[in-house]
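K.L.:
File my_file_38.cif follows (mmCIF, C-alpha atoms):
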```cif
data_target
loop_
_atom_site.label_atom_id
_atom_site.label_comp_id
_atom_site.auth_asym_id
_atom_site.auth_seq_id
_atom_site.Cartn_x
_atom_site.Cartn_y
_atom_site.Cartn_z
CA MET E 1346 33.92 -11.01 -95.94
CA ARG E 1347 30.57 -10.13 -97.48
CA LYS E 1348 30.38 -9.18 -101.11
CA ILE E 1349 28.71 -5.78 -101.59
CA LEU E 1350 27.84 -4.11 -104.88
CA VAL E 1351 28.17 -0.31 -104.89
CA THR E 1352 26.79 1.29 -108.03
CA GLY E 1353 28.08 4.76 -108.83
CA SER E 1354 31.48 3.88 -107.36
CA ALA E 1355 33.24 6.54 -109.45
CA GLY E 1356 30.78 9.11 -108.14
CA PHE E 1357 31.08 11.39 -105.15
CA ILE E 1358 29.23 9.45 -102.44
CA GLY E 1359 29.94 6.06 -104.01
CA TYR E 1360 33.69 6.61 -103.94
CA HIS E 1361 33.66 7.58 -100.25
CA LEU E 1362 31.39 4.65 -99.38
CA CYS E 1363 33.70 2.17 -101.12
CA GLN E 1364 36.62 3.49 -99.07
CA ALA E 1365 34.66 3.07 -95.83
CA LEU E 1366 33.45 -0.44 -96.64
CA LEU E 1367 36.96 -1.56 -97.61
CA ARG E 1368 38.35 -0.16 -94.36
CA ARG E 1369 36.04 -2.40 -92.39
CA GLY E 1370 37.01 -5.48 -94.38
CA GLU E 1371 34.14 -5.88 -96.83
CA GLN E 1372 34.61 -7.19 -100.36
CA VAL E 1373 33.36 -4.48 -102.72
CA VAL E 1374 32.44 -4.58 -106.39
CA GLY E 1375 32.14 -1.05 -107.74
CA LEU E 1376 30.08 -0.36 -110.84
CA ASP E 1377 30.00 2.84 -112.90
CA ASN E 1378 29.57 3.82 -116.54
CA VAL E 1379 31.95 6.80 -116.07
CA ASN E 1380 29.78 9.06 -118.25
CA ASP E 1381 30.65 12.64 -119.17
CA TYR E 1382 27.86 14.45 -117.27
CA TYR E 1383 30.78 16.05 -115.44
CA SER E 1384 34.56 15.62 -115.52
CA VAL E 1385 35.52 12.08 -116.49
CA GLN E 1386 39.02 12.85 -115.21
CA LEU E 1387 37.67 13.52 -111.72
CA LYS E 1388 35.85 10.19 -111.80
CA ARG E 1389 38.97 8.38 -113.00
CA ASP E 1390 41.01 10.07 -110.27
CA ARG E 1391 38.57 8.84 -107.63
CA LEU E 1392 38.87 5.33 -109.03
CA LYS E 1393 42.67 5.59 -108.87
CA GLN E 1394 42.34 5.96 -105.09
CA LEU E 1395 40.50 2.61 -105.03
CA ASP E 1396 42.55 0.78 -107.65
CA GLY E 1397 44.67 -2.01 -106.24
CA LYS E 1398 43.05 -1.99 -102.80
CA SER E 1399 42.52 -5.42 -101.35
CA GLY E 1400 38.91 -6.52 -101.73
CA PHE E 1401 37.97 -4.04 -104.48
CA GLU E 1402 36.95 -4.85 -108.04
CA PHE E 1403 35.72 -2.30 -110.57
CA VAL E 1404 33.25 -3.01 -113.38
CA GLU E 1405 32.59 -0.37 -116.04
CA MET E 1406 29.02 -0.86 -117.20
CA ASP E 1407 25.83 1.07 -117.82
CA LEU E 1408 22.88 0.29 -115.55
CA ALA E 1409 20.63 0.17 -118.60
CA ASP E 1410 22.57 -2.84 -119.94
CA ARG E 1411 20.00 -5.45 -118.98
CA ASP E 1412 21.95 -8.54 -119.98
CA GLY E 1413 25.18 -7.21 -118.51
CA MET E 1414 23.53 -6.43 -115.18
CA ASP E 1415 21.95 -9.87 -115.00
CA ALA E 1416 25.30 -11.52 -115.69
CA LEU E 1417 26.99 -9.38 -113.03
CA PHE E 1418 24.48 -10.43 -110.36
CA ALA E 1419 24.70 -14.07 -111.42
CA GLN E 1420 28.50 -14.04 -111.24
CA HIS E 1421 28.91 -12.41 -107.84
CA GLN E 1422 25.85 -13.37 -105.77
CA PHE E 1423 25.95 -10.16 -103.73
CA GLU E 1424 24.78 -10.19 -100.12
CA ARG E 1425 24.13 -6.44 -100.11
CA VAL E 1426 23.61 -3.83 -102.82
CA VAL E 1427 24.01 -0.07 -102.31
CA HIS E 1428 22.61 1.63 -105.40
CA LEU E 1429 23.95 5.18 -105.71
CA ALA E 1430 24.33 5.48 -109.50
CA ALA E 1431 21.84 7.88 -111.10
CA GLN E 1432 21.55 10.80 -113.43
CA ALA E 1433 21.82 13.66 -110.97
CA GLY E 1434 20.93 17.34 -111.11
CA VAL E 1435 17.63 19.22 -110.95
CA ARG E 1436 18.43 21.82 -113.63
CA TYR E 1437 19.93 19.29 -116.06
CA SER E 1438 16.61 17.43 -115.98
CA LEU E 1439 14.92 20.45 -117.57
CA THR E 1440 17.00 20.07 -120.73
CA HIS E 1441 17.92 16.35 -120.81
CA PRO E 1442 14.83 14.48 -119.55
CA HIS E 1443 15.52 11.21 -121.37
CA ALA E 1444 18.79 10.73 -119.47
CA TYR E 1445 16.75 10.47 -116.26
CA VAL E 1446 14.43 7.84 -117.67
CA ASP E 1447 17.32 5.69 -118.96
CA SER E 1448 19.39 5.81 -115.79
CA ASN E 1449 17.00 6.44 -112.92
CA LEU E 1450 14.08 4.29 -114.09
CA VAL E 1451 15.38 1.65 -116.52
CA GLY E 1452 18.65 1.32 -114.60
CA PHE E 1453 16.87 0.98 -111.26
CA MET E 1454 14.59 -1.69 -112.69
CA ASN E 1455 17.63 -3.74 -113.68
CA VAL E 1456 19.01 -3.39 -110.14
CA LEU E 1457 15.71 -4.51 -108.64
CA GLU E 1458 15.52 -7.49 -110.97
CA GLY E 1459 19.09 -8.47 -110.14
CA CYS E 1460 18.32 -8.32 -106.42
CA ARG E 1461 15.09 -10.27 -106.86
CA HIS E 1462 16.46 -13.13 -108.93
CA HIS E 1463 19.74 -13.51 -107.04
CA ARG E 1464 18.39 -13.29 -103.49
CA VAL E 1465 20.18 -10.15 -102.33
CA GLY E 1466 19.69 -9.77 -98.58
CA HIS E 1467 19.24 -5.99 -98.52
CA LEU E 1468 19.02 -3.25 -101.15
CA LEU E 1469 19.84 0.31 -100.13
CA TYR E 1470 19.25 2.98 -102.77
CA ALA E 1471 19.69 6.72 -103.13
CA SER E 1472 16.57 8.83 -103.11
CA SER E 1473 16.71 12.59 -102.56
CA SER E 1474 15.36 15.44 -100.47
CA SER E 1475 13.96 16.68 -103.80
CA VAL E 1476 11.03 14.27 -103.39
CA TYR E 1477 9.49 16.69 -100.87
CA GLY E 1478 8.85 19.08 -103.76
CA SER E 1479 6.27 21.75 -102.94
CA ASN E 1480 5.74 20.42 -99.39
CA LYS E 1481 5.99 23.40 -97.00
CA ARG E 1482 5.90 21.57 -93.67
CA GLN E 1483 9.27 21.84 -91.91
CA PRO E 1484 11.28 19.87 -91.07
CA PHE E 1485 10.66 17.33 -93.81
CA SER E 1486 9.59 14.00 -92.34
CA VAL E 1487 9.56 10.58 -93.99
CA HIS E 1488 6.01 10.32 -92.67
CA ASP E 1489 4.90 13.25 -94.87
CA ASN E 1490 3.18 12.83 -98.22
CA VAL E 1491 5.58 13.38 -101.15
CA ASP E 1492 3.24 13.35 -104.14
CA HIS E 1493 4.06 16.80 -105.51
CA PRO E 1494 7.56 16.84 -107.06
CA VAL E 1495 8.65 20.01 -108.86
CA SER E 1496 11.31 18.54 -111.18
CA LEU E 1497 11.65 15.42 -113.31
CA TYR E 1498 14.71 14.44 -111.26
CA ALA E 1499 12.57 14.45 -108.11
CA ALA E 1500 9.82 12.51 -109.88
CA THR E 1501 12.27 9.75 -110.83
CA LYS E 1502 13.46 9.50 -107.24
CA LYS E 1503 9.88 9.26 -106.00
CA ALA E 1504 9.31 6.59 -108.65
CA ASN E 1505 12.32 4.67 -107.30
CA GLU E 1506 10.70 4.57 -103.88
CA LEU E 1507 7.45 3.27 -105.35
CA MET E 1508 9.25 0.65 -107.44
CA ALA E 1509 11.24 -0.49 -104.39
CA HIS E 1510 8.08 -0.82 -102.32
CA THR E 1511 6.49 -2.95 -105.01
CA TYR E 1512 9.43 -5.38 -104.97
CA SER E 1513 9.44 -5.43 -101.17
CA HIS E 1514 5.72 -6.27 -101.20
CA LEU E 1515 5.71 -8.81 -104.04
CA TYR E 1516 9.01 -10.59 -103.47
CA GLY E 1517 9.96 -9.86 -99.86
CA LEU E 1518 13.08 -7.94 -100.96
CA PRO E 1519 14.21 -5.74 -98.06
CA THR E 1520 14.70 -2.20 -99.41
CA THR E 1521 15.84 0.99 -97.73
CA GLY E 1522 15.56 4.38 -99.45
CA LEU E 1523 17.97 7.16 -98.52
CA ARG E 1524 16.81 10.74 -98.95
CA PHE E 1525 20.07 12.70 -99.09
CA PHE E 1526 20.11 16.41 -98.26
CA THR E 1527 22.60 18.65 -100.15
CA VAL E 1528 25.74 16.56 -99.76
CA TYR E 1529 29.15 18.27 -99.98
CA GLY E 1530 32.79 17.56 -99.20
CA PRO E 1531 36.14 16.51 -100.73
CA TRP E 1532 35.95 14.86 -104.16
CA GLY E 1533 32.53 16.48 -104.63
CA ARG E 1534 30.69 17.02 -107.89
CA PRO E 1535 31.74 20.04 -110.01
CA ASP E 1536 28.08 20.86 -110.76
CA MET E 1537 27.31 21.45 -107.07
CA ALA E 1538 27.22 24.93 -105.57
CA LEU E 1539 30.24 24.62 -103.26
CA TYR E 1540 32.51 23.41 -106.08
CA ILE E 1541 31.23 26.08 -108.49
CA PHE E 1542 31.63 28.85 -105.92
CA THR E 1543 35.10 27.76 -104.83
CA LYS E 1544 36.39 27.54 -108.39
CA ALA E 1545 34.96 30.96 -109.29
CA ILE E 1546 36.40 32.67 -106.21
CA PHE E 1547 39.89 31.30 -106.85
CA GLU E 1548 39.62 32.40 -110.50
CA GLY E 1549 38.25 35.85 -109.64
CA ARG E 1550 34.95 35.28 -111.44
CA PRO E 1551 31.48 36.19 -110.12
CA ILE E 1552 29.18 33.55 -108.67
CA ASP E 1553 25.47 33.23 -109.46
CA VAL E 1554 23.48 33.42 -106.23
CA TYR E 1555 19.92 32.25 -106.81
CA ASN E 1556 16.92 33.59 -104.90
CA HIS E 1557 19.27 36.42 -103.84
CA GLY E 1558 20.95 34.09 -101.33
CA ARG E 1559 17.76 33.57 -99.34
CA MET E 1560 17.51 29.83 -99.95
CA ARG E 1561 18.11 27.56 -96.97
CA ARG E 1562 19.72 24.15 -97.33
CA ASP E 1563 20.41 21.29 -94.95
CA PHE E 1564 24.05 21.04 -96.05
CA THR E 1565 25.29 17.55 -95.11
CA TYR E 1566 28.96 16.60 -95.00
CA VAL E 1567 29.84 13.47 -96.96
CA ASP E 1568 31.49 11.64 -94.05
CA ASP E 1569 28.19 11.85 -92.15
CA ILE E 1570 26.34 10.44 -95.14
CA VAL E 1571 28.80 7.54 -95.38
CA GLU E 1572 28.66 6.79 -91.65
CA ALA E 1573 24.89 6.50 -91.88
CA LEU E 1574 25.12 4.31 -94.97
CA VAL E 1575 27.64 1.91 -93.44
CA ARG E 1576 25.44 1.50 -90.37
CA LEU E 1577 22.26 1.04 -92.42
CA VAL E 1578 23.83 -1.76 -94.47
CA ASP E 1579 23.33 -3.94 -91.39
CA VAL E 1580 19.86 -2.64 -90.48
CA VAL E 1581 17.80 -4.81 -92.80
CA ALA E 1582 14.33 -3.42 -93.44
CA GLU E 1583 11.51 -5.39 -91.84
CA PRO E 1584 7.72 -5.19 -92.04
CA ASP E 1585 6.20 -2.70 -89.60
CA PRO E 1586 3.88 -4.68 -87.29
CA ASN E 1587 2.01 -1.46 -86.47
CA PHE E 1588 1.34 -0.48 -90.08
CA ASP E 1589 -2.31 0.50 -90.48
CA PRO E 1590 -3.64 0.13 -94.05
CA MET E 1591 -6.61 2.32 -93.12
CA GLN E 1592 -4.23 5.16 -92.30
CA PRO E 1593 -1.07 4.26 -94.26
CA ASP E 1594 2.19 5.81 -93.11
CA PRO E 1595 4.42 6.81 -96.08
CA GLY E 1596 7.51 6.12 -93.97
CA SER E 1597 6.89 2.43 -93.33
CA SER E 1598 4.95 -0.55 -94.66
CA SER E 1599 3.62 -4.01 -94.03
CA ALA E 1600 6.40 -5.00 -96.46
CA PRO E 1601 10.15 -4.97 -95.59
CA TYR E 1602 10.51 -1.37 -96.75
CA ARG E 1603 11.88 1.78 -95.14
CA VAL E 1604 12.94 5.30 -96.13
CA TYR E 1605 15.21 7.59 -94.11
CA ASN E 1606 16.23 11.22 -94.31
CA ILE E 1607 20.00 11.71 -94.11
CA GLY E 1608 20.54 15.41 -93.49
CA ASN E 1609 22.30 17.71 -91.08
CA ASN E 1610 19.04 18.66 -89.34
CA HIS E 1611 20.29 22.27 -89.28
CA PRO E 1612 19.48 24.32 -92.40
CA GLU E 1613 21.78 27.22 -93.27
CA GLU E 1614 20.98 30.20 -95.47
CA LEU E 1615 22.91 30.18 -98.74
CA SER E 1616 24.30 33.63 -97.98
CA ARG E 1617 25.80 32.30 -94.73
CA PHE E 1618 27.26 29.30 -96.55
CA ILE E 1619 28.98 31.66 -99.00
CA GLU E 1620 30.24 33.84 -96.14
CA VAL E 1621 31.92 30.84 -94.47
CA LEU E 1622 33.47 29.87 -97.81
CA GLU E 1623 34.84 33.41 -98.28
CA GLN E 1624 36.35 33.34 -94.79
CA THR E 1625 37.90 29.92 -95.39
CA ILE E 1626 39.48 30.91 -98.71
CA GLY E 1627 40.39 34.38 -97.52
CA ARG E 1628 38.81 36.15 -100.49
CA ALA E 1629 35.48 37.87 -101.09
CA ALA E 1630 33.19 36.53 -103.79
CA LYS E 1631 31.79 38.70 -106.56
CA LYS E 1632 28.07 37.99 -106.46
CA ASN E 1633 25.53 37.99 -109.26
CA TYR E 1634 22.12 37.86 -107.57
CA LEU E 1635 19.38 36.03 -109.50
CA PRO E 1636 15.78 34.88 -108.91
CA LEU E 1637 14.79 31.35 -107.92
CA GLN E 1638 15.29 28.85 -110.75
CA PRO E 1639 12.56 26.51 -112.06
CA GLY E 1640 12.60 23.19 -110.18
CA ASP E 1641 14.38 24.61 -107.12
CA VAL E 1642 12.83 24.75 -103.65
CA VAL E 1643 13.38 27.55 -101.15
CA GLU E 1644 14.27 25.41 -98.13
CA THR E 1645 15.25 21.88 -97.19
CA TYR E 1646 15.31 20.72 -93.58
CA ALA E 1647 15.57 17.06 -92.55
CA ASP E 1648 13.78 15.43 -89.65
CA VAL E 1649 16.24 12.62 -88.87
CA SER E 1650 14.51 11.16 -85.81
CA ASP E 1651 13.75 7.86 -87.57
CA LEU E 1652 17.38 7.57 -88.71
CA GLU E 1653 18.72 8.25 -85.23
CA LYS E 1654 16.36 5.69 -83.72
CA ALA E 1655 17.43 3.06 -86.27
CA ILE E 1656 21.22 3.47 -86.09
CA GLY E 1657 22.01 5.68 -83.07
CA PHE E 1658 23.60 8.34 -85.25
CA LYS E 1659 22.71 11.60 -86.95
CA PRO E 1660 24.80 13.97 -89.09
CA ALA E 1661 26.33 16.84 -87.13
CA THR E 1662 29.38 18.22 -89.02
CA SER E 1663 29.27 22.03 -89.06
CA ILE E 1664 29.60 23.94 -92.32
CA GLU E 1665 32.71 25.60 -90.88
CA ASP E 1666 34.46 22.23 -90.56
CA GLY E 1667 33.00 20.74 -93.72
CA ILE E 1668 33.87 23.70 -95.96
CA ARG E 1669 37.39 23.81 -94.53
CA HIS E 1670 37.92 20.14 -95.43
CA PHE E 1671 36.58 20.75 -98.95
CA VAL E 1672 38.75 23.82 -99.58
CA ASN E 1673 41.83 21.97 -98.34
CA TRP E 1674 41.09 19.17 -100.78
CA TYR E 1675 40.38 21.64 -103.62
CA ARG E 1676 43.71 23.39 -103.10
CA ALA E 1677 45.59 20.08 -103.10
CA TYR E 1678 43.73 18.65 -106.12
CA HIS E 1679 43.52 21.72 -108.35
CA LEU E 1680 46.12 24.23 -107.21
CA THR E 1681 49.13 22.18 -106.10
CA CYS E 1682 51.62 21.49 -108.87
#
```
As a first step, turn the structure in this file into structure tokens.
P.N.:
Amino acid sequence: MRKILVTGSAGFIGYHLCQALLRRGEQVVGLDNVNDYYSVQLKRDRLKQLDGKSGFEFVEMDLADRDGMDALFAQHQFERVVHLAAQAGVRYSLTHPHAYVDSNLVGFMNVLEGCRHHRVGHLLYASSSSVYGSNKRQPFSVHDNVDHPVSLYAATKKANELMAHTYSHLYGLPTTGLRFFTVYGPWGRPDMALYIFTKAIFEGRPIDVYNHGRMRRDFTYVDDIVEALVRLVDVVAEPDPNFDPMQPDPGSSSAPYRVYNIGNNHPEELSRFIEVLEQTIGRAAKKNYLPLQPGDVVETYADVSDLEKAIGFKPATSIEDGIRHFVNWYRAYHLTC
């Protein structure tokens, strides 16, 4: 069994990834600081699903704890690291910018240093579709320039990619960045649209629909994200022999560095997403239409051709199936006595 560190193991994607890695016989150390950005109880309940499983160990620690992180890497000598812990949320970054520096920059530096000094064979880390910022070319490609973020959250994720490339170049650390596109599903985050909408509909409260429902998102079901992650763990980044420094490709490098989009490759209008949710629940939503919020983008749409070439897989779960799975989980978790 390999020993794999998964940071953010009490989080939405991290929890699901730990389950998948344990099912295939890996030894997993989960790390999380279990902060109160959203429900601590939900995070603890995710961890309860992992507690006691053979091969799983949980460590409660903050990424910004430099000495603690160094000791953790020294103790375990991880073969792989999947770094999913971060301060999430575009709108929260408008009011709490320092949280993003502490977690997404300082924390990521400690992960990189741990990987460097303890010879980790492959670092995978969460980036975001937010890095595409004001880019209007659709679908978004990893070969596009991403130098115009429109939120601090996006800027920290772009910074993570730059920091990772530096360590790949200087120290030969294989790194793979994962640009997630609007992930949803069971055990999801309460600050995400699907959770907020579902809760409001069941409680008979109105939902805020930004940009009058005319935003389009590449909604990606969590099981598809996890399938891609599990496969990419074994696809160790290598230098691109065709990399041309005279015409540098943002999606590859002469260093062992790669980035991939992980999205459904099929954007849906927000109004359609809400319609499917209403049909699944069997109730109509009361809608409060609002303009586009600062830091938001109108459309996300993932080109996943590089991902499919690398692992022979691309996300394909429909919103009809994905929303049904989420609502079934929500009923069981929140509404069943």
K.L.:
Out of E:Leu1497, E:Ala1661, E:Val1604, E:Val1672, which residue has the shortest atom-to-atom distance to Val1446 in chain E when counting only C-alpha atoms?
P.N.:
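Looking at the shortest contact to Val1446 in chain E, the residue is E:Leu1497.
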K.L.:
Write out as a list in words which residues come within 6 Å of Glu1424 in chain E when counting all atoms listed in the file, dropping same-chain ones fewer than 5 positions away.
P.N.:
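My reading of the contact set: Lys1348, Val1465 and Gly1466 of chain E.
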K.L.:
Identify which of the residues E:Leu1395, E:Val1385, E:Leu1518, E:Val1649 lies closest to His1488 in chain E, counting all atoms listed in the file when measuring atom-to-atom distances.
P.N.:
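Looking only at the distances to His1488 in chain E, the closest residue turns out to be E:Val1649.
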K.L.:
As an NGL selection string, please: the residues near range 1503-1516 of chain E (cut-off 9 Å, all atoms listed in the file, same-chain neighbours under 4 positions excluded).
P.N.:
:E and (1449-1450 or 1453-1454 or 1457-1458 or 1461 or 1468 or 1470-1473 or 1475-1476 or 1491-1492 or 1494 or 1498-1499 or 1520-1522 or 1598-1604)
K.L.:
Enter the distance from CA of Asn1455 in chain E to CA of Met1406 in chain E, in Å, rounded to one decimal.
P.N.:
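These two atoms are separated by 12.3 Å.
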K.L.:
Starting from the displayed file, determine the output of the PyMOL selection byres ((chain E and resi 1618-1635) around 9) and express the residue list as a ChimeraX atom specification.
P.N.:
/E:1539,1542-1543,1545-1547,1549-1558,1564,1613-1617,1636-1638,1664-1665,1668-1669,1672
K.L.:
Give the answer as one residue: which of E:Val1567, E:Val1404, E:Leu1376, E:Leu1652 has the shortest atom-to-atom distance to His1361 in chain E, using only C-alpha atoms?
P.N.:
E:Val1567
K.L.:
I'd like the residues picked by the PyMOL selection byres ((chain E and resi 1351) around 10) written out as a JSON list (two decimals) with C-alpha atoms, in the frame of the given file, using the chain letters and numbers from the file.
P.N.:
```json
[["chain", "number", "residue", "atom", "x", "y", "z"],
["E", 1348, "LYS", "CA", 30.38, -9.18, -101.11],
["E", 1349, "ILE", "CA", 28.71, -5.78, -101.59],
["E", 1350, "LEU", "CA", 27.84, -4.11, -104.88],
["E", 1352, "THR", "CA", 26.79, 1.29, -108.03],
["E", 1353, "GLY", "CA", 28.08, 4.76, -108.83],
["E", 1354, "SER", "CA", 31.48, 3.88, -107.36],
["E", 1355, "ALA", "CA", 33.24, 6.54, -109.45],
["E", 1359, "GLY", "CA", 29.94, 6.06, -104.01],
["E", 1360, "TYR", "CA", 33.69, 6.61, -103.94],
["E", 1362, "LEU", "CA", 31.39, 4.65, -99.38],
["E", 1363, "CYS", "CA", 33.70, 2.17, -101.12],
["E", 1366, "LEU", "CA", 33.45, -0.44, -96.64],
["E", 1373, "VAL", "CA", 33.36, -4.48, -102.72],
["E", 1374, "VAL", "CA", 32.44, -4.58, -106.39],
["E", 1375, "GLY", "CA", 32.14, -1.05, -107.74],
["E", 1376, "LEU", "CA", 30.08, -0.36, -110.84],
["E", 1377, "ASP", "CA", 30.00, 2.84, -112.90],
["E", 1403, "PHE", "CA", 35.72, -2.30, -110.57],
["E", 1425, "ARG", "CA", 24.13, -6.44, -100.11],
["E", 1426, "VAL", "CA", 23.61, -3.83, -102.82],
["E", 1427, "VAL", "CA", 24.01, -0.07, -102.31],
["E", 1428, "HIS", "CA", 22.61, 1.63, -105.40],
["E", 1429, "LEU", "CA", 23.95, 5.18, -105.71],
["E", 1430, "ALA", "CA", 24.33, 5.48, -109.50],
["E", 1469, "LEU", "CA", 19.84, 0.31, -100.13],
["E", 1470, "TYR", "CA", 19.25, 2.98, -102.77]]
```
K.L.:
Rounded to one decimal in Å, what is the spacing between CA of Ser1650 in chain E and CA of Cys1460 in chain E?
P.N.:
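If I compute the distance from CA of Ser1650 in chain E to CA of Cys1460 in chain E, I get 28.6 Å.
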K.L.:
Using only C-alpha atoms, can you tell me which of E:Gly1434, E:Gly1452, E:Gly1640, E:Pro1660 comes closest to Tyr1477 in chain E?
P.N.:
E:Gly1640
K.L.:
Using the chain letters and residue numbers of this document, give as a ChimeraX atom specification the residues selected by the PyMOL selection byres ((chain E and resi 1407) around 9).
P.N.:
/E:1376-1380,1405-1406,1408-1411,1413-1414,1448,1452
K.L.:
Restricting the calculation to all atoms listed in the file: of E:Arg1368, E:Arg1391, E:Arg1534, E:His1493, which residue gets closest to Ala1433 in chain E?
P.N.:
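Distance minimum relative to Ala1433 in chain E lands on E:Arg1534.
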K.L.:
Which of these, E:Asp1666, E:Glu1548, E:Ile1358, E:Gln1364, has the shortest distance to Val1528 in chain E once you count only C-alpha atoms?
P.N.:
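Of E:Asp1666, E:Glu1548, E:Ile1358, E:Gln1364, the one nearest Val1528 in chain E is E:Ile1358, counting only C-alpha atoms.
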K.L.:
Put a box with edges along x, y and z around all the listed atoms of range 1643-1662 of chain E, pad it by 5 Å on each side, then give me its centre and sizes in Å, one decimal, as AutoDock Vina command-line options.
P.N.:
```
--center_x 21.4 --center_y 15.3 --center_z -92.1 --size_x 26.0 --size_y 34.5 --size_z 28.1
```
K.L.:
Which distance in Å separates CA of Asp1447 in chain E and CA of Ile1607 in chain E, to one decimal?
P.N.:
25.7 Å
